[in-house]
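A.B. asks: The following file, target_31.txt, comprises compact mmCIF, C-alpha atoms:
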```
# COMPACT_ATOMS: atom_id res chain seq x y z
CA MET A 1 95.48 63.74 42.66
CA ILE A 2 98.73 64.51 44.56
CA LYS A 3 98.64 68.09 43.27
CA PHE A 4 95.02 68.44 44.49
CA VAL A 5 95.90 67.16 47.95
CA LYS A 6 98.82 69.57 48.19
CA THR A 7 96.58 72.43 47.09
CA VAL A 8 93.98 71.58 49.76
CA ALA A 9 96.68 71.27 52.42
CA ILE A 10 98.20 74.63 51.52
CA ALA A 11 94.78 76.28 51.55
CA THR A 12 93.98 74.79 54.94
CA ILE A 13 97.28 76.01 56.42
CA THR A 14 96.75 79.46 54.93
CA LEU A 15 93.24 79.73 56.42
CA ALA A 16 94.50 78.57 59.81
CA THR A 17 97.30 81.13 59.72
CA LEU A 18 94.91 83.92 58.77
CA ALA A 19 92.49 82.89 61.51
CA THR A 20 95.26 82.88 64.10
CA ALA A 21 96.48 86.28 62.96
CA SER A 22 92.95 87.64 63.06
CA LEU A 23 92.44 86.28 66.58
CA ALA A 24 95.71 87.81 67.74
CA GLN A 25 94.62 91.19 66.39
CA THR A 26 91.19 91.08 68.03
CA THR A 27 92.26 89.59 71.36
CA THR A 28 93.35 92.17 73.92
CA ASN A 29 95.23 91.11 77.03
CA THR A 30 94.41 92.59 80.41
CA LEU A 31 97.27 95.10 80.43
CA ASP A 32 96.22 96.44 77.02
CA LYS A 33 92.59 96.55 78.14
CA ILE A 34 93.45 98.57 81.25
CA ILE A 35 95.43 101.10 79.22
CA GLN A 36 92.79 101.36 76.50
CA ASN A 37 89.93 101.75 79.00
CA GLY A 38 91.91 104.22 81.08
CA LYS A 39 90.92 102.43 84.29
CA LEU A 40 92.44 99.90 86.70
CA VAL A 41 89.85 97.90 88.65
CA VAL A 42 91.32 96.63 91.91
CA GLY A 43 89.75 94.28 94.44
CA ILE A 44 90.42 95.44 98.01
CA SER A 45 88.82 94.49 101.30
CA LEU A 46 87.85 97.76 103.00
CA SER A 47 87.09 95.97 106.28
CA THR A 48 90.69 94.83 106.92
CA PRO A 49 92.50 97.70 108.64
CA PRO A 50 95.25 98.83 108.32
CA TYR A 51 95.35 97.29 104.82
CA GLY A 52 91.94 98.45 103.69
CA MET A 53 89.37 100.67 105.41
CA THR A 54 87.37 103.87 104.97
CA ASP A 55 88.56 107.13 106.49
CA SER A 56 86.57 109.83 108.31
CA GLN A 57 85.37 111.15 104.93
CA MET A 58 84.23 107.61 104.02
CA GLN A 59 86.95 107.35 101.39
CA PRO A 60 89.04 104.19 100.82
CA ALA A 61 92.29 104.23 102.79
CA GLY A 62 95.00 101.90 104.04
CA PHE A 63 98.16 100.24 102.75
CA ASP A 64 96.46 98.28 99.95
CA VAL A 65 94.67 101.42 98.78
CA ALA A 66 97.95 103.37 98.82
CA VAL A 67 99.63 100.70 96.67
CA ALA A 68 96.69 100.60 94.25
CA LYS A 69 96.87 104.38 93.85
CA LEU A 70 100.59 104.19 93.04
CA LEU A 71 99.98 101.48 90.42
CA ALA A 72 97.16 103.45 88.77
CA ARG A 73 99.30 106.57 88.79
CA ASP A 74 102.20 104.80 87.08
CA LEU A 75 99.87 103.22 84.53
CA GLY A 76 98.42 106.65 83.81
CA VAL A 77 94.85 105.49 84.42
CA GLU A 78 92.00 106.05 86.87
CA LEU A 79 91.57 103.76 89.86
CA GLU A 80 88.33 101.92 90.61
CA ILE A 81 88.16 99.98 93.88
CA VAL A 82 85.82 97.03 94.33
CA ASP A 83 85.22 96.34 98.03
CA GLN A 84 85.14 92.64 98.86
CA VAL A 85 85.23 90.15 101.70
CA SER A 86 88.21 87.81 101.93
CA GLN A 87 86.47 84.76 100.50
CA ALA A 88 85.36 86.71 97.40
CA ARG A 89 88.87 87.76 96.39
CA ILE A 90 89.77 84.90 94.07
CA PRO A 91 86.26 84.49 92.57
CA ASN A 92 86.18 88.23 91.78
CA LEU A 93 89.53 87.94 90.04
CA THR A 94 88.92 84.77 88.04
CA SER A 95 85.47 85.95 86.93
CA GLY A 96 86.89 89.22 85.58
CA LYS A 97 85.06 91.44 88.06
CA VAL A 98 88.42 92.98 88.98
CA ASP A 99 91.70 93.29 87.08
CA ILE A 100 93.97 92.58 90.03
CA LEU A 101 93.86 91.92 93.77
CA VAL A 102 95.67 94.18 96.23
CA SER A 103 93.93 92.85 99.30
CA SER A 104 96.33 91.67 102.05
CA PHE A 105 96.78 88.70 99.72
CA GLY A 106 99.14 86.22 101.36
CA VAL A 107 101.18 84.00 99.05
CA THR A 108 100.29 80.30 99.39
CA ALA A 109 100.96 77.27 97.21
CA GLU A 110 97.26 76.37 97.23
CA ARG A 111 96.13 79.77 95.92
CA ALA A 112 98.87 79.66 93.29
CA LYS A 113 97.02 76.74 91.68
CA THR A 114 94.23 79.17 90.79
CA VAL A 115 95.87 82.58 90.36
CA MET A 116 99.32 84.06 89.74
CA TYR A 117 101.21 86.27 92.18
CA THR A 118 103.50 89.20 91.64
CA ASN A 119 106.60 89.66 93.74
CA SER A 120 105.86 90.63 97.33
CA ILE A 121 104.80 94.11 98.39
CA TYR A 122 104.97 93.35 102.13
CA VAL A 123 105.98 90.51 104.43
CA ASP A 124 103.60 90.07 107.34
CA GLU A 125 103.86 87.73 110.29
CA GLN A 126 100.95 85.70 111.64
CA MET A 127 100.63 86.31 115.37
CA VAL A 128 98.46 84.86 118.11
CA LEU A 129 96.81 87.75 119.95
CA ALA A 130 95.12 87.17 123.30
CA PRO A 131 94.29 88.98 126.55
CA ALA A 132 97.48 90.28 128.15
CA SER A 133 96.67 88.33 131.31
CA SER A 134 96.48 85.04 129.38
CA ASP A 135 99.29 82.48 129.73
CA ILE A 136 99.03 81.39 126.06
CA ALA A 137 102.56 80.98 124.68
CA SER A 138 102.47 78.15 122.14
CA LEU A 139 100.24 76.07 119.88
CA GLU A 140 99.92 73.56 122.71
CA ASP A 141 98.33 76.26 124.86
CA LEU A 142 95.57 76.75 122.26
CA VAL A 143 94.23 73.23 122.82
CA GLY A 144 90.79 73.57 124.37
CA LYS A 145 90.71 77.28 123.53
CA ARG A 146 88.48 79.14 121.09
CA VAL A 147 90.65 80.72 118.38
CA GLY A 148 89.12 83.28 116.02
CA VAL A 149 90.20 83.84 112.42
CA THR A 150 88.79 85.63 109.40
CA ARG A 151 87.41 83.09 106.94
CA SER A 152 89.49 82.24 103.83
CA THR A 153 92.48 84.32 104.89
CA THR A 154 96.09 83.20 105.26
CA ASN A 155 95.50 83.30 109.01
CA ASP A 156 92.68 80.81 108.59
CA THR A 157 94.72 78.49 106.36
CA LEU A 158 97.76 78.63 108.60
CA ILE A 159 96.12 77.91 111.94
CA THR A 160 93.97 75.19 110.35
CA GLU A 161 97.18 73.46 109.20
CA LYS A 162 99.15 73.93 112.42
CA ALA A 163 96.56 73.74 115.18
CA LEU A 164 96.75 70.70 117.44
CA GLU A 165 93.76 68.45 117.94
CA GLY A 166 91.35 69.97 120.41
CA THR A 167 91.83 73.56 119.23
CA ASN A 168 88.42 75.14 118.58
CA ILE A 169 88.79 77.32 115.48
CA GLN A 170 85.97 79.80 114.97
CA ARG A 171 85.67 81.65 111.65
CA PHE A 172 84.26 85.13 111.04
CA GLU A 173 83.42 86.97 107.83
CA ASP A 174 85.81 89.91 108.19
CA ASP A 175 88.56 91.23 110.44
CA ALA A 176 86.23 93.61 112.23
CA ALA A 177 84.05 90.70 113.36
CA THR A 178 87.12 88.64 114.32
CA ASN A 179 88.53 91.48 116.43
CA GLN A 180 85.16 92.12 118.04
CA ALA A 181 84.95 88.46 119.03
CA LEU A 182 88.24 88.90 120.91
CA PHE A 183 87.16 92.18 122.52
CA THR A 184 83.91 90.67 123.81
CA GLY A 185 85.36 87.38 125.01
CA GLN A 186 83.61 85.31 122.37
CA VAL A 187 87.01 83.75 121.62
CA ASP A 188 90.11 83.28 123.76
CA ALA A 189 92.58 84.34 121.07
CA ILE A 190 92.79 85.31 117.42
CA VAL A 191 95.37 84.85 114.68
CA SER A 192 96.26 88.18 113.11
CA GLY A 193 98.96 89.94 111.14
CA VAL A 194 101.50 92.10 112.96
CA ALA A 195 100.13 95.35 111.55
CA ALA A 196 96.58 94.48 112.60
CA ALA A 197 97.84 93.42 116.02
CA ASN A 198 99.68 96.75 116.36
CA ALA A 199 96.48 98.59 115.48
CA ILE A 200 94.66 96.77 118.29
CA SER A 201 97.50 97.49 120.72
CA GLN A 202 97.16 101.21 119.94
CA GLN A 203 93.50 101.07 120.96
CA THR A 204 93.93 99.15 124.21
CA ASP A 205 96.55 97.49 126.39
CA LYS A 206 94.21 94.66 127.36
CA PHE A 207 95.53 92.43 124.58
CA ALA A 208 99.05 91.35 123.67
CA ARG A 209 100.92 89.45 120.99
CA LYS A 210 101.70 86.01 122.40
CA PHE A 211 103.78 84.23 119.75
CA ALA A 212 104.47 84.17 116.04
CA VAL A 213 103.15 81.31 113.93
CA ARG A 214 104.82 82.10 110.61
CA GLN A 215 105.91 84.84 108.24
CA SER A 216 103.62 85.51 105.28
CA PRO A 217 104.70 87.39 102.12
CA MET A 218 101.88 89.33 100.48
CA GLY A 219 101.67 89.87 96.75
CA ILE A 220 99.31 91.19 94.10
CA GLY A 221 97.00 88.62 92.54
CA VAL A 222 96.52 88.38 88.77
CA ARG A 223 94.67 85.91 86.60
CA ARG A 224 96.48 82.87 85.28
CA GLY A 225 97.91 83.67 81.85
CA ASP A 226 98.15 87.44 82.43
CA PHE A 227 101.92 87.38 82.03
CA ASP A 228 102.21 90.84 80.46
CA LEU A 229 100.31 92.40 83.35
CA ARG A 230 102.32 90.52 85.95
CA GLN A 231 105.56 91.60 84.30
CA TRP A 232 104.48 95.24 84.33
CA LEU A 233 103.43 94.98 87.98
CA ASN A 234 106.73 93.37 88.98
CA THR A 235 108.57 96.12 87.16
CA ASP A 236 106.60 98.83 88.95
CA ILE A 237 107.01 97.13 92.35
CA MET A 238 110.78 97.20 91.81
CA LEU A 239 110.69 100.88 90.80
CA LEU A 240 108.47 101.82 93.74
CA TRP A 241 110.84 100.01 96.10
CA ASN A 242 113.92 101.66 94.62
CA ALA A 243 112.24 105.07 94.91
CA GLY A 244 111.31 104.42 98.55
CA GLU A 245 107.59 104.89 97.88
CA LEU A 246 106.64 101.35 98.83
CA GLN A 247 108.56 101.63 102.10
CA ALA A 248 106.84 104.97 102.79
CA ALA A 249 103.42 103.32 102.37
CA GLN A 250 104.47 100.49 104.69
CA LYS A 251 105.63 102.96 107.32
CA GLU A 252 102.53 105.16 107.09
CA TRP A 253 99.94 102.41 107.25
CA LEU A 254 101.62 99.38 108.83
CA GLY A 255 103.99 101.12 111.22
CA LEU A 256 107.06 99.17 110.10
CA VAL A 257 109.20 98.72 107.02
CA ASN A 258 110.52 95.46 105.57
CA GLU A 259 114.29 95.43 105.13
CA LYS A 260 113.85 93.52 101.88
CA LEU A 261 111.14 91.74 99.93
CA PRO A 262 111.30 88.17 98.58
CA VAL A 263 111.08 87.75 94.81
CA PHE A 264 110.32 84.78 92.58
```
Would you give me this structure, written as structure tokens?

C.D. replies:
Amino acid sequence: MIKFVKTVAIATITLATLATASLAQTTTNTLDKIIQNGKLVVGISLSTPPYGMTDSQMQPAGFDVAVAKLLARDLGVELEIVDQVSQARIPNLTSGKVDILVSSFGVTAERAKTVMYTNSIYVDEQMVLAPASSDIASLEDLVGKRVGVTRSTTNDTLITEKALEGTNIQRFEDDAATNQALFTGQVDAIVSGVAAANAISQQTDKFARKFAVRQSPMGIGVRRGDFDLRQWLNTDIMLLWNAGELQAAQKEWLGLVNEKLPVF
């Protein structure tokens, strides 16, 4: 009887081991899949200049696009861009519609419960932008004012956390709509990144940066558990930084260069 039990136990362990080995052979992680398919699918918002936009030839352009092109180049694969609004970024990633997010993706503790981040590729600063003639200079001055933000962005999260009672936060679906609300007087101020604020300042001198709310590192988003892919991305980010290519993309599209980038 004892011999029979031992035999059954050994057989069970052997089958489990074989099943595990078989699963390991048939399961392909995201990095392997990208290389095997010869294509990197990246989620980018093309309505968030200067991070993502379309140029005069209706081709994707901007800082996020430049970074995605560098990553695809170094992987030796083609690049496919999936345009998306801000609130679709995480759902597109977790559902497998895209492989990674390079989409002005601010690092927050709340988002990190759902996805993983790479090391930063840029450090932005959330600014309050308002008419130059406005006397807005602090969070207290936003009480009773209409403040526009793009829904589900770091700007939205930040001002929602920090705004004092009586601040009227109005949310829009993309940065173009948020900016237009400021231009037309639909809101009294908006919360925007420095690069986006600079882009507005280049168009008109009617609006000015009033005060900074907080710095915001931006990283690349990957699915939870995609450790191999995150490690490769972190490696390439380091190499791109050391080669000066990441700084060149920052300068070209954002108009400024970070002195250094935070790492985990």

A.B. asks: Which residues, written as a PyMOL selection string, have at least one atom at most 12 Å from Asp226 in chain A, with all atoms listed in the file counted and residues fewer than 5 positions away on the same chain left out?

C.D. replies: chain A and resi 28-33+93-94+96+99-100+115-118+221+231-233

A.B. asks: Please produce a file of the residues just selected, as an mmCIF file, in the frame of the given file, where the atoms kept are C-alpha atoms.

C.D. replies:
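Output saved as again21.cif:
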```cif
data_model
loop_
_atom_site.group_PDB
_atom_site.id
_atom_site.type_symbol
_atom_site.label_atom_id
_atom_site.label_comp_id
_atom_site.auth_asym_id
_atom_site.auth_seq_id
_atom_site.Cartn_x
_atom_site.Cartn_y
_atom_site.Cartn_z
ATOM 1 C CA THR A 28 93.350 92.170 73.920
ATOM 2 C CA ASN A 29 95.230 91.110 77.030
ATOM 3 C CA THR A 30 94.410 92.590 80.410
ATOM 4 C CA LEU A 31 97.270 95.100 80.430
ATOM 5 C CA ASP A 32 96.220 96.440 77.020
ATOM 6 C CA LYS A 33 92.590 96.550 78.140
ATOM 7 C CA LEU A 93 89.530 87.940 90.040
ATOM 8 C CA THR A 94 88.920 84.770 88.040
ATOM 9 C CA GLY A 96 86.890 89.220 85.580
ATOM 10 C CA ASP A 99 91.700 93.290 87.080
ATOM 11 C CA ILE A 100 93.970 92.580 90.030
ATOM 12 C CA VAL A 115 95.870 82.580 90.360
ATOM 13 C CA MET A 116 99.320 84.060 89.740
ATOM 14 C CA TYR A 117 101.210 86.270 92.180
ATOM 15 C CA THR A 118 103.500 89.200 91.640
ATOM 16 C CA GLY A 221 97.000 88.620 92.540
ATOM 17 C CA GLN A 231 105.560 91.600 84.300
ATOM 18 C CA TRP A 232 104.480 95.240 84.330
ATOM 19 C CA LEU A 233 103.430 94.980 87.980
#
```

A.B. asks: Tell me which protein, DNA and RNA residues are within 7 Å of Gln215 in chain A, counting all atoms listed in the file, leaving out same-chain ones fewer than 4 positions away, and put them as an MDAnalysis selection string.

C.D. replies: chainID A and resid 123:126

A.B. asks: Quick one: of A:Gly219, A:Gln203, A:Asp228, A:Ser86, who's nearest to Arg171 in chain A, counting only C-alpha atoms?

C.D. replies: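 Looking at the shortest contact to Arg171 in chain A, the residue is A:Ser86.
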
A.B. asks: For Glu80 in chain A, which residue out of A:Gly43, A:Gly244, A:Gly255, A:Gly62 is the nearest one, using only C-alpha atoms?

C.D. replies: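 Among the listed residues, A:Gly43 lies closest to Glu80 in chain A.
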
A.B. asks: Enter the distance from CA of Ile169 in chain A to CA of Gln186 in chain A, in Å, rounded to one decimal.

C.D. replies: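 Pair CA of Ile169 in chain A / CA of Gln186 in chain A returns 11.8 Å.
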
A.B. asks: Find the spatial neighbours of Thr150 in chain A, counting all atoms listed in the file, within a cut-off of 9 Å - ignore same-chain residues fewer than 4 positions away - and output them as a list in words.

C.D. replies: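 My list of contacting residues is Ser86, Thr154, Asn155, Asp156, Gln170, Arg171, Phe172, Glu173, Asp174, Asp175, Ala176, Ala177, Thr178, Ile190, Val191 and Ser192 of chain A.
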
A.B. asks: Which residues are close to Gly193 in chain A, i.e. within 12 Å by all atoms listed in the file, leaving aside same-chain residues fewer than 3 positions away? Reply as a PyMOL selection string.

C.D. replies: chain A and resi 48-51+104-106+122-129+149-150+153-156+158+175+179+190+196-200+209+211-218+254

A.B. asks: Any idea what the distance is between CA of Val41 in chain A and CA of Asn92 in chain A?

C.D. replies: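 These two atoms are separated by 10.8 Å.
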
A.B. asks: What is the distance between CA of Val147 in chain A and CA of Ala189 in chain A, in Å to one decimal?

C.D. replies: 4.9 Å

A.B. asks: Just the residues within 10 Å of Leu40 in chain A, please, counting only C-alpha atoms, with nothing from its chain fewer than 5 positions along; format it as a list in words.

C.D. replies: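 Contacts, in chain order: Thr30, Leu31, Lys33, Ile34, Ile35, Ala68, Lys69, Leu71, Ala72, Arg73, Leu75, Gly76, Val77, Glu78, Leu79, Glu80, Ile81, Val98, Asp99 and Ile100 of chain A.
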
A.B. asks: Using all atoms listed in the file, find the one residue out of A:Leu70, A:Ala195, A:Ile136, A:Ile159 that sits nearest to Leu240 in chain A.

C.D. replies: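 Using all atoms listed in the file, the shortest distance to Leu240 in chain A belongs to A:Leu70.
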
A.B. asks: For each of A:Ser56, A:Gln36, A:Ser152, A:Asn168, take the minimum atom-to-atom distance to Ile90 in chain A, counting all atoms listed in the file, then give the residue where this is smallest.

C.D. replies: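 That would be A:Ser152, the residue with the smallest distance to Ile90 in chain A.
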
A.B. asks: Identify which of the residues A:Val194, A:Val187, A:Ala243, A:Val107 lies closest to Ser120 in chain A, counting all atoms listed in the file when measuring atom-to-atom distances.

C.D. replies: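 Among A:Val194, A:Val187, A:Ala243, A:Val107, it is A:Val107 that comes nearest to Ser120 in chain A.
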